Protein chains: 2
Amino acid sequence: MLLASSVFSSAQQNLWQGEGVRSLEVDASGRATFRLYAPDAKDVAVTGDFLQKGVGSVAMTRDDSGVWSYTTESLASEMYYYSFKVGGVGDIHDPESIYMVRDVARYMNYFIVGGGRGDLYMAQDVGHGSVARVWADVGGVSRRMVVYTPAGYETSDREYPVLYLLHGMGGDEEAWLATGRAAEIMDNLIATGRAEEMIVVMTNGCTRHVSAPGYSHEGMWRPYMSGSMDGSFEEMFEDVVNWVDGCYRTQKCASRRAIAGLSMGGFHAMQISKRYPTMFDYVGLFSAAIFRGESGVAMYEDLEPKLKHQFDNGVELYWIAIGRNDFLYEENVKYRELLDNLDISYTYHESDGGHEWRNWRCYLVEFAQKIFKK
Amino acid sequence: MLLASSVFSSAQQNLWQGEGVRSLEVDASGRATFRLYAPDAKDVAVTGDFLQKGVGSVAMTRDDSGVWSYTTESLASEMYYYSFKVGGVGDIHDPESIYMVRDVARYMNYFIVGGGRGDLYMAQDVGHGSVARVWADVGGVSRRMVVYTPAGYETSDREYPVLYLLHGMGGDEEAWLATGRAAEIMDNLIATGRAEEMIVVMTNGCTRHVSAPGYSHEGMWRPYMSGSMDGSFEEMFEDVVNWVDGCYRTQKCASRRAIAGLSMGGFHAMQISKRYPTMFDYVGLFSAAIFRGESGVAMYEDLEPKLKHQFDNGVELYWIAIGRNDFLYEENVKYRELLDNLDISYTYHESDGGHEWRNWRCYLVEFAQKIFKK
């Protein structure tokens with residue numbers, strides 16, 4: 001609204017029309033063109049995960065009007081990050097784009113190439129669920145979490161199953177929505193009948209903070225690679241489930257509850273489902289940091305008999321997914337050996353790639369289609 | 001989570017600790033220091049609305065480590081925007097801060113100086129309301145809106161009054177939350193007993209789009225200074241109220257409904273309260289674009305008898321606020337003359353400043369304390 005006066009006086013027609021340098025365009029064959037207006041820059045490059053591994057950045061070319069540009073080869077359908085590198089300055093955001101997501105302490109510009117899995121990460125012409133940031137009394141304090149309710153929830157009176165979806169170290173309750181595209185993925189899977197209508201609860205699994213930065217009295221702090229693997233988060237999870245069951249129209253039984261998480265969140269999902277063995281029939285471990293719990297935590301001890309107890313109580317799906325290049329790969333091999341030795345039945349999904357959102361989005365897509373189908 | 005592997009290997013302790021250049025610090029006397037690490041830059045300046053009017057930017061000074069800095073005089077308690085200007089490149093975001101809000105087509109870094117009105121714009125150690133992005137069937141299509149419910153809403157069974165809060169041209173359903181600080185303001189006013197517990201509904205008043213950019217099948221478009229002053233938004237407002245009344249525990253009578261808006265939203269609040277004369281007992285016009293409606297719209301015609309009819313039905317508070325330097329000031333003088341001629345009673349609030357969020361936040365603070373008090 002800073003521009004309102006110029007609008008009304010029609011002095012700056014270009015602002016009316018939203019014109020200016022079109023900083024990103026993706027053509028029908030998936031080629032992305034980046035542009036930056038920087039007439040006085042010595043050199044400009046673009047960087048991002050659309051580049052081949054090992055390529056740090058690519059130089060952009062200046063035209064006579066001072067616009068630097070670069071066009072990629074055809075890109076696979078995916079969500080990509082990018083930023084510009086300007087000589088003498090370093091990485092800058094695209095000043096012409098409002099499409100940014102935060103991963104830990106950085107905002108990153110992004111774009112999505114459609115025509116494949118990327119279509120699941122975009123808002124389509126389907127019913128959209130609601131996304132609420134709520135504050136729940138858990139563990140004696142008020143903590144923030146994100147609740148996705150499927151399209152039609154507000155005007156229906158039925159009860160829904162619940163997926164609890166947990167972030168990794170450095171993340172918070174916003175992570176699965178932003179880089180994880182959880183709301184778009186759920187909308188698109190539900191609208192096409194591939195997933196059941198469900199509530200998705202995204203908690204904050206770092207007990208040192210009550211919320212993502214900026215939303216609480218903790219002030220405008222800078223996020224960092226923190227996490228909680230000392231039992232504190234797992235211990236308060238019963239309160240989370242009770243709060244959700246008290247405030248939403250949920251189906252209140254293990255067969256209608258799932259829990260999944262990535263990295264530290266996979267560890268949490270493993271620990272929580274074991275700590276409350278009658279709470280969840282569906283468990284998803286995405287690139288899980290299985291053996292990273294702090295030592296001396298009673299809840300983490302006696303792993304094997306407790307797992308046995310959990311599975312004796314019945315688990316419908318125990319889904320383990322990891323990329324072949326994930327630095328936690330060997331850890332997950334060991335965990336599967338442990339489960340094998342206990343005669344515990346699980347489903348294993350191995351993908352390309354490493355410890356990255358590109359995999360975790362795919363794992364959510366897969367897992368969400370497998371739960372609550374009985 | 002891109003950094004997860006380095007975290008686990010402890011290779012980059014600085015990322016663990018969240019260290020790096022501290023790009024913004026505000027000391028106890030309200031002096032802000034800005035810093036940017038740009039060792040190879042020729043010159044760096046900082047700009048923002050913390051500067052005296054007419055000062056475009058101020059030069060920053062480079063130290064031996066390549067960090068440029070500038071410290072302001074003491075600033076009044078307020079929310080401020082800033083960005084860096086780097087020689088040869090132009091305006092860039094603060095790469096070290098995650099605190100950004102979008103106004104129309106630009107993200108802006110911001111900071112808040114406390115000790116006065118700024119305290120109302122920060123999350124304090126009080127109960128926080130929930131903020132939900134929902135999709136409502138209005139005017140035959142699904143449209144996105146933001147619903148603030150006060151702390152305790154989920155666990156109570158009482159009904160609440162509703163404030164409908166409308167954005168200006170170029171804004172959308174996100175505007176009042178981001179630059180308007182509506183959630184923080186309401187939390188802080190309610191927690192201190194200055195405002196009643198209420199639901200606040202923030203609609204999208206541009207009927208050409210169903211949502212803020214990126215959240216619908218309309219794709220990743222670039223926002224521009226658009227608006228709807230052709231009667232289309234006002235006409236669908238009955239559906240909005242009915243949807244909210246159907247999905248939330250609301251008090252369903254005029255004495256428990258308020259509507260307010262800024263600029264185009266003030267125009268909308270004026271038109272909607274007149275179009276549905278038994279719907280709202282409280283009306284707030286913030287820097288309202290009173291006479292900017294498109295011509296030939298039946299709803300906008302016969303203003304005086306319709307206003308008379310509205311006030312004959314009873315209006316508890318008709319609150320008009322504007323800044324002395326607002327480009328719509330004269331328009332509001334004329335509107336007050338028109339109301340005076342009709343013997344219509346209203347409350348007038350004149351402030352310093354112009355057509356700017358700094359005023360609209362204050363107007364919300366004032367207005368929210370005056371409604372639903374009977």
# chains A, B, ... in the order shown; residues from 1 in each chain; ligands from 1
>>> interface_residues(of="chain B", to="chain A", cutoff="7 Å", atoms="only C-alpha atoms", output="VMD selection string")
chain B and resid 1 to 2 5 15 to 18 38 to 41 88 to 89 92 to 93 95 98 103 to 107 123 to 125 128 130 to 135 154 to 155 168 to 171 215 to 217 222 to 226 247 327 356
>>> select_by_dssp(residues="region 57-265 of chain B", states="helix (DSSP H, G or I)", output="PyMOL selection string")
chain B and resi 117-121+175-178+182-191+232-235+237-247+254-256+264-265
>>> residues_around(residues="Val283 (chain B)", least_positions_apart="4", cutoff="6 Å", atoms="only C-alpha atoms", output="PyMOL selection string")
chain B and resi 258-260+318
>>> write_last_selection(atoms="C-alpha atoms", output="short mmCIF file (atom, residue, chain, number, x, y, z; two decimals), in the first residue's frame")
data_model
loop_
_atom_site.label_atom_id
_atom_site.label_comp_id
_atom_site.auth_asym_id
_atom_site.auth_seq_id
_atom_site.Cartn_x
_atom_site.Cartn_y
_atom_site.Cartn_z
CA ALA B 258 -18.03 -4.73 13.04
CA ILE B 259 -16.51 -3.94 9.66
CA ALA B 260 -13.48 -1.79 8.98
CA TYR B 318 -19.19 5.10 12.62
#
>>> residues_around(residues="region 269-276 of chain A", least_positions_apart="3", cutoff="7 Å", atoms="only C-alpha atoms", output="MDAnalysis selection string")
chainID A and resid 234 259:261 265:266 279:280 283 285 306:307 310
>>> write_last_selection(atoms="C-alpha atoms", output="CSV table (one decimal), in the first residue's frame")
chain,number,residue,atom,x,y,z
A,234,GLU,CA,8.3,-37.3,23.0
A,259,ILE,CA,2.9,-40.3,12.7
A,260,ALA,CA,5.7,-39.6,10.3
A,261,GLY,CA,8.8,-37.3,10.3
A,265,GLY,CA,11.4,-36.0,13.1
A,266,GLY,CA,11.8,-39.6,11.9
A,279,MET,CA,-1.6,-44.6,19.8
A,280,PHE,CA,-0.5,-45.1,16.2
A,283,VAL,CA,4.4,-44.9,11.3
A,285,LEU,CA,10.4,-42.8,9.1
A,306,LYS,CA,10.0,-51.8,23.7
A,307,LEU,CA,9.8,-52.2,19.9
A,310,GLN,CA,4.9,-51.8,20.3
>>> atom_distance(atom1="CA of Glu350 (chain B)", atom2="CA of Gly314 (chain B)")
24.2 Å
>>> residues_around(residues="Tyr282 (chain A)", least_positions_apart="5", cutoff="9 Å", atoms="only C-alpha atoms", output="PDB file with N, CA and C atoms, in the first residue's frame")
ATOM      1  N   LEU A 163      -2.921 -37.375  10.675  1.00  0.00           N
ATOM      2  CA  LEU A 163      -1.497 -37.634  10.462  1.00  0.00           C
ATOM      3  C   LEU A 163      -0.702 -36.564  11.209  1.00  0.00           C
ATOM      4  N   ALA A 254      -6.123 -45.743  17.389  1.00  0.00           N
ATOM      5  CA  ALA A 254      -4.836 -45.972  16.731  1.00  0.00           C
ATOM      6  C   ALA A 254      -4.993 -46.230  15.238  1.00  0.00           C
ATOM      7  N   SER A 255      -6.076 -46.892  14.862  1.00  0.00           N
ATOM      8  CA  SER A 255      -6.230 -47.249  13.451  1.00  0.00           C
ATOM      9  C   SER A 255      -6.508 -46.024  12.584  1.00  0.00           C
ATOM     10  N   ARG A 256      -6.771 -44.899  13.216  1.00  0.00           N
ATOM     11  CA  ARG A 256      -7.024 -43.662  12.481  1.00  0.00           C
ATOM     12  C   ARG A 256      -6.016 -42.581  12.837  1.00  0.00           C
ATOM     13  N   ARG A 257      -4.859 -43.035  13.319  1.00  0.00           N
ATOM     14  CA  ARG A 257      -3.770 -42.082  13.608  1.00  0.00           C
ATOM     15  C   ARG A 257      -2.493 -42.568  12.956  1.00  0.00           C
ATOM     16  N   ALA A 258      -1.770 -41.615  12.348  1.00  0.00           N
ATOM     17  CA  ALA A 258      -0.458 -41.906  11.769  1.00  0.00           C
ATOM     18  C   ALA A 258       0.533 -40.877  12.273  1.00  0.00           C
ATOM     19  N   ILE A 259       1.799 -41.258  12.325  1.00  0.00           N
ATOM     20  CA  ILE A 259       2.858 -40.317  12.682  1.00  0.00           C
ATOM     21  C   ILE A 259       4.043 -40.556  11.760  1.00  0.00           C
ATOM     22  N   ALA A 260       4.591 -39.456  11.232  1.00  0.00           N
ATOM     23  CA  ALA A 260       5.742 -39.562  10.345  1.00  0.00           C
ATOM     24  C   ALA A 260       6.606 -38.326  10.525  1.00  0.00           C
ATOM     25  N   SER A 273       6.015 -43.356  18.694  1.00  0.00           N
ATOM     26  CA  SER A 273       5.135 -44.505  18.437  1.00  0.00           C
ATOM     27  C   SER A 273       5.477 -45.659  19.377  1.00  0.00           C
ATOM     28  N   VAL A 315       0.781 -52.947  14.569  1.00  0.00           N
ATOM     29  CA  VAL A 315       1.149 -51.799  13.734  1.00  0.00           C
ATOM     30  C   VAL A 315       0.731 -52.151  12.316  1.00  0.00           C
ATOM     31  N   GLU A 316      -0.054 -51.324  11.709  1.00  0.00           N
ATOM     32  CA  GLU A 316      -0.555 -51.632  10.367  1.00  0.00           C
ATOM     33  C   GLU A 316       0.525 -51.399   9.309  1.00  0.00           C
ATOM     34  N   LEU A 317       1.267 -50.292   9.457  1.00  0.00           N
ATOM     35  CA  LEU A 317       2.314 -49.951   8.480  1.00  0.00           C
ATOM     36  C   LEU A 317       3.458 -49.270   9.208  1.00  0.00           C
ATOM     37  N   TYR A 318       4.651 -49.793   8.996  1.00  0.00           N
ATOM     38  CA  TYR A 318       5.867 -49.182   9.556  1.00  0.00           C
ATOM     39  C   TYR A 318       6.758 -48.957   8.353  1.00  0.00           C
ATOM     40  N   TRP A 319       6.784 -47.716   7.883  1.00  0.00           N
ATOM     41  CA  TRP A 319       7.336 -47.407   6.571  1.00  0.00           C
ATOM     42  C   TRP A 319       8.650 -46.658   6.730  1.00  0.00           C
ATOM     43  N   LYS A 370      -0.760 -44.428   1.630  1.00  0.00           N
ATOM     44  CA  LYS A 370      -0.768 -45.777   2.202  1.00  0.00           C
ATOM     45  C   LYS A 370      -1.511 -45.865   3.530  1.00  0.00           C
ATOM     46  N   ILE A 371      -1.882 -44.728   4.087  1.00  0.00           N
ATOM     47  CA  ILE A 371      -2.437 -44.746   5.440  1.00  0.00           C
ATOM     48  C   ILE A 371      -3.959 -44.600   5.419  1.00  0.00           C
ATOM     49  N   PHE A 372      -4.583 -45.161   6.426  1.00  0.00           N
ATOM     50  CA  PHE A 372      -6.032 -45.061   6.655  1.00  0.00           C
ATOM     51  C   PHE A 372      -6.831 -45.703   5.531  1.00  0.00           C
TER      52      PHE A 372
END
>>> closest_atom_pairs(of="region 212-307 of chain A", to="region 329-341 of chain A", cutoff="9 Å", atoms="only C-alpha atoms", output="Markdown table")
| residue | atom | partner | partner_atom | distance |
| --- | --- | --- | --- | --- |
| A:Ser287 | CA | A:Tyr329 | CA | 7.6 |
| A:Ala288 | CA | A:Asn332 | CA | 7.3 |
| A:Ala289 | CA | A:Glu331 | CA | 7.5 |
| A:Ile290 | CA | A:Glu331 | CA | 6.7 |
| A:Phe291 | CA | A:Glu331 | CA | 7.1 |
| A:Glu304 | CA | A:Leu338 | CA | 8.0 |
| A:Leu307 | CA | A:Leu339 | CA | 8.5 |
>>> write_last_selection(atoms="N, CA and C atoms", output="compact mmCIF listing (two decimals), in the first residue's frame")
# COMPACT_ATOMS: atom_id res chain seq x y z
N SER A 287 14.21 -40.74 6.19
CA SER A 287 15.63 -40.39 6.45
C SER A 287 15.87 -40.23 7.94
N ALA A 288 15.39 -41.17 8.70
CA ALA A 288 15.35 -41.01 10.15
C ALA A 288 16.74 -41.07 10.79
N ALA A 289 16.94 -40.18 11.76
CA ALA A 289 18.19 -40.14 12.54
C ALA A 289 18.04 -41.12 13.71
N ILE A 290 17.99 -42.40 13.35
CA ILE A 290 17.56 -43.45 14.27
C ILE A 290 18.33 -43.47 15.60
N PHE A 291 19.65 -43.40 15.51
CA PHE A 291 20.46 -43.66 16.70
C PHE A 291 21.12 -42.40 17.25
N GLU A 304 14.93 -52.73 22.10
CA GLU A 304 14.37 -53.92 21.46
C GLU A 304 13.11 -54.45 22.15
N LEU A 307 10.28 -52.03 21.31
CA LEU A 307 9.79 -52.17 19.93
C LEU A 307 8.92 -53.41 19.81
>>> select_by_dssp(residues="region 248-279 of chain B", states="strand (DSSP E)", output="PyMOL selection string")
chain B and resi 257-262
>>> residues_around(residues="Ser77 (chain B)", least_positions_apart="5", cutoff="6 Å", atoms="only C-alpha atoms", output="list of chain:residue names")
B:Val113, B:Gly114, B:Gly115, B:Gly116, B:Arg117, B:Gly118
>>> closest_residue(among="A:Ala45, A:Ala76, A:Leu189, A:Ala182", to="Arg62 (chain A)", atoms="only C-alpha atoms")
A:Ala45
>>> closest_residue(among="B:Val141, B:Pro150, B:Asp157, B:Asp64", to="His209 (chain B)", atoms="only C-alpha atoms")
B:Val141
>>> closest_residue(among="A:Tyr82, A:Leu120, A:Cys253, A:Ala321", to="Thr347 (chain A)", atoms="only C-alpha atoms")
A:Ala321
>>> residues_around(residues="region 293-295 of chain B", least_positions_apart="3", cutoff="8 Å", atoms="only C-alpha atoms", output="CSV table (one decimal) with C-alpha atoms, in the first residue's frame")
chain,number,residue,atom,x,y,z
B,229,MET,CA,-14.6,-1.1,-6.8
B,230,ASP,CA,-17.3,-2.3,-9.1
B,267,PHE,CA,-14.6,2.3,0.7
B,290,ILE,CA,-14.8,7.2,-0.3
B,300,TYR,CA,-23.1,3.1,-5.5
>>> decode(residues="region 124-171 of chain A", atoms="C-alpha atoms", output="PDB file, in the first residue's frame")
ATOM      1  CA  GLN A 124      -4.300 -26.800  -8.493  1.00  0.00           C
ATOM      2  CA  ASP A 125      -7.937 -26.121  -9.311  1.00  0.00           C
ATOM      3  CA  VAL A 126      -9.192 -28.419  -6.544  1.00  0.00           C
ATOM      4  CA  GLY A 127     -10.674 -27.964  -3.100  1.00  0.00           C
ATOM      5  CA  HIS A 128      -8.149 -26.516  -0.682  1.00  0.00           C
ATOM      6  CA  GLY A 129      -7.819 -27.479   2.937  1.00  0.00           C
ATOM      7  CA  SER A 130      -7.546 -24.871   5.651  1.00  0.00           C
ATOM      8  CA  VAL A 131      -4.223 -24.222   7.345  1.00  0.00           C
ATOM      9  CA  ALA A 132      -4.386 -22.955  10.917  1.00  0.00           C
ATOM     10  CA  ARG A 133      -1.588 -21.798  13.195  1.00  0.00           C
ATOM     11  CA  VAL A 134      -2.854 -22.692  16.658  1.00  0.00           C
ATOM     12  CA  TRP A 135      -1.474 -22.658  20.194  1.00  0.00           C
ATOM     13  CA  ALA A 136      -1.927 -25.809  22.259  1.00  0.00           C
ATOM     14  CA  ASP A 137      -1.303 -26.324  25.953  1.00  0.00           C
ATOM     15  CA  VAL A 138       1.222 -29.139  25.989  1.00  0.00           C
ATOM     16  CA  GLY A 139       3.831 -30.040  28.543  1.00  0.00           C
ATOM     17  CA  GLY A 140       2.649 -27.184  30.738  1.00  0.00           C
ATOM     18  CA  VAL A 141       3.235 -24.426  28.182  1.00  0.00           C
ATOM     19  CA  SER A 142       1.490 -23.005  25.172  1.00  0.00           C
ATOM     20  CA  ARG A 143       3.165 -24.221  21.999  1.00  0.00           C
ATOM     21  CA  ARG A 144       2.427 -23.349  18.401  1.00  0.00           C
ATOM     22  CA  MET A 145       1.514 -25.875  15.757  1.00  0.00           C
ATOM     23  CA  VAL A 146       0.057 -25.979  12.281  1.00  0.00           C
ATOM     24  CA  VAL A 147      -3.143 -27.852  11.574  1.00  0.00           C
ATOM     25  CA  TYR A 148      -4.269 -28.717   8.058  1.00  0.00           C
ATOM     26  CA  THR A 149      -7.924 -29.658   7.789  1.00  0.00           C
ATOM     27  CA  PRO A 150      -9.112 -31.002   4.433  1.00  0.00           C
ATOM     28  CA  ALA A 151     -11.458 -29.107   2.118  1.00  0.00           C
ATOM     29  CA  GLY A 152     -14.999 -29.268   3.459  1.00  0.00           C
ATOM     30  CA  TYR A 153     -13.993 -29.772   7.091  1.00  0.00           C
ATOM     31  CA  GLU A 154     -15.712 -26.593   8.296  1.00  0.00           C
ATOM     32  CA  THR A 155     -19.041 -27.377   6.689  1.00  0.00           C
ATOM     33  CA  SER A 156     -19.129 -31.084   7.517  1.00  0.00           C
ATOM     34  CA  ASP A 157     -19.839 -32.799  10.829  1.00  0.00           C
ATOM     35  CA  ARG A 158     -17.860 -35.987  10.283  1.00  0.00           C
ATOM     36  CA  GLU A 159     -14.720 -37.084  12.097  1.00  0.00           C
ATOM     37  CA  TYR A 160     -11.366 -37.448  10.356  1.00  0.00           C
ATOM     38  CA  PRO A 161      -8.190 -39.482  10.798  1.00  0.00           C
ATOM     39  CA  VAL A 162      -5.049 -37.566  11.778  1.00  0.00           C
ATOM     40  CA  LEU A 163      -1.497 -37.634  10.462  1.00  0.00           C
ATOM     41  CA  TYR A 164       1.118 -36.086  12.759  1.00  0.00           C
ATOM     42  CA  LEU A 165       3.949 -34.800  10.578  1.00  0.00           C
ATOM     43  CA  LEU A 166       7.263 -33.884  12.210  1.00  0.00           C
ATOM     44  CA  HIS A 167      10.127 -31.687  10.993  1.00  0.00           C
ATOM     45  CA  GLY A 168      13.881 -32.177  11.262  1.00  0.00           C
ATOM     46  CA  MET A 169      16.649 -30.403  13.109  1.00  0.00           C
ATOM     47  CA  GLY A 170      16.662 -26.675  12.435  1.00  0.00           C
ATOM     48  CA  GLY A 171      13.066 -26.848  11.278  1.00  0.00           C
TER      49      GLY A 171
END
